[in-house]
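Participant: Below are the C-alpha cells for one structure; questions will follow.
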Amino acid sequence: MAISQIIANITQYISEAAMRIFGPTDDAYPVIGVQPFTGEPYDKRKDDNS
C-alpha cells in the first residue's frame, strides 16, 4: 500500500509540473507592449575621460 501511495504522489507531482509548464499562462503583466530602448549603449572609447 505504501509503494502505491508513493507512486501516486510522484505521478501527481510530475503531472502538476507538466500542467504548469504546458498550461496557459497566468502572468499578471499589463498589456502595454514592448518598450523601446531610448538610452545610449555604453561605449568605453567615448566614456574614457580619465
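So you can find residues: chains in the C-alpha cells are A, B, ... in the order shown, residues in each start at 1, and ligands are numbered from 1 in order.
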List every residue of chain A that DSSP, applied to the backbone, labels as helix (DSSP H, G or I), and write the result as a list in words.

Facilitator: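 Of chain A, only Ala2, Ile3, Ser4, Gln5, Ile6, Ile7, Ala8, Asn9, Ile10, Thr11, Gln12, Tyr13, Ile14, Ser15, Glu16, Ala17, Ala18, Met19, Arg20, Ile21 and Phe22 of chain A fall in helix (DSSP H, G or I).
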
Participant: Could you tell me how far CA of Thr25 (chain A) lies from CA of Thr38 (chain A), in Å and to one decimal?

Facilitator: 29.2 Å

Participant: Separation of CA of Asp27 (chain A) and CA of Ala8 (chain A), in Å?

Facilitator: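 About the pair CA of Asp27 (chain A) and CA of Ala8 (chain A): they are 29.4 Å apart.
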
Participant: Could you work out how far CA of Tyr29 (chain A) lies from CA of Ala17 (chain A), giving the answer in Å with one decimal?

Facilitator: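 Interatomic distance, CA of Ala17 (chain A) to CA of Tyr29 (chain A): 21.7 Å.
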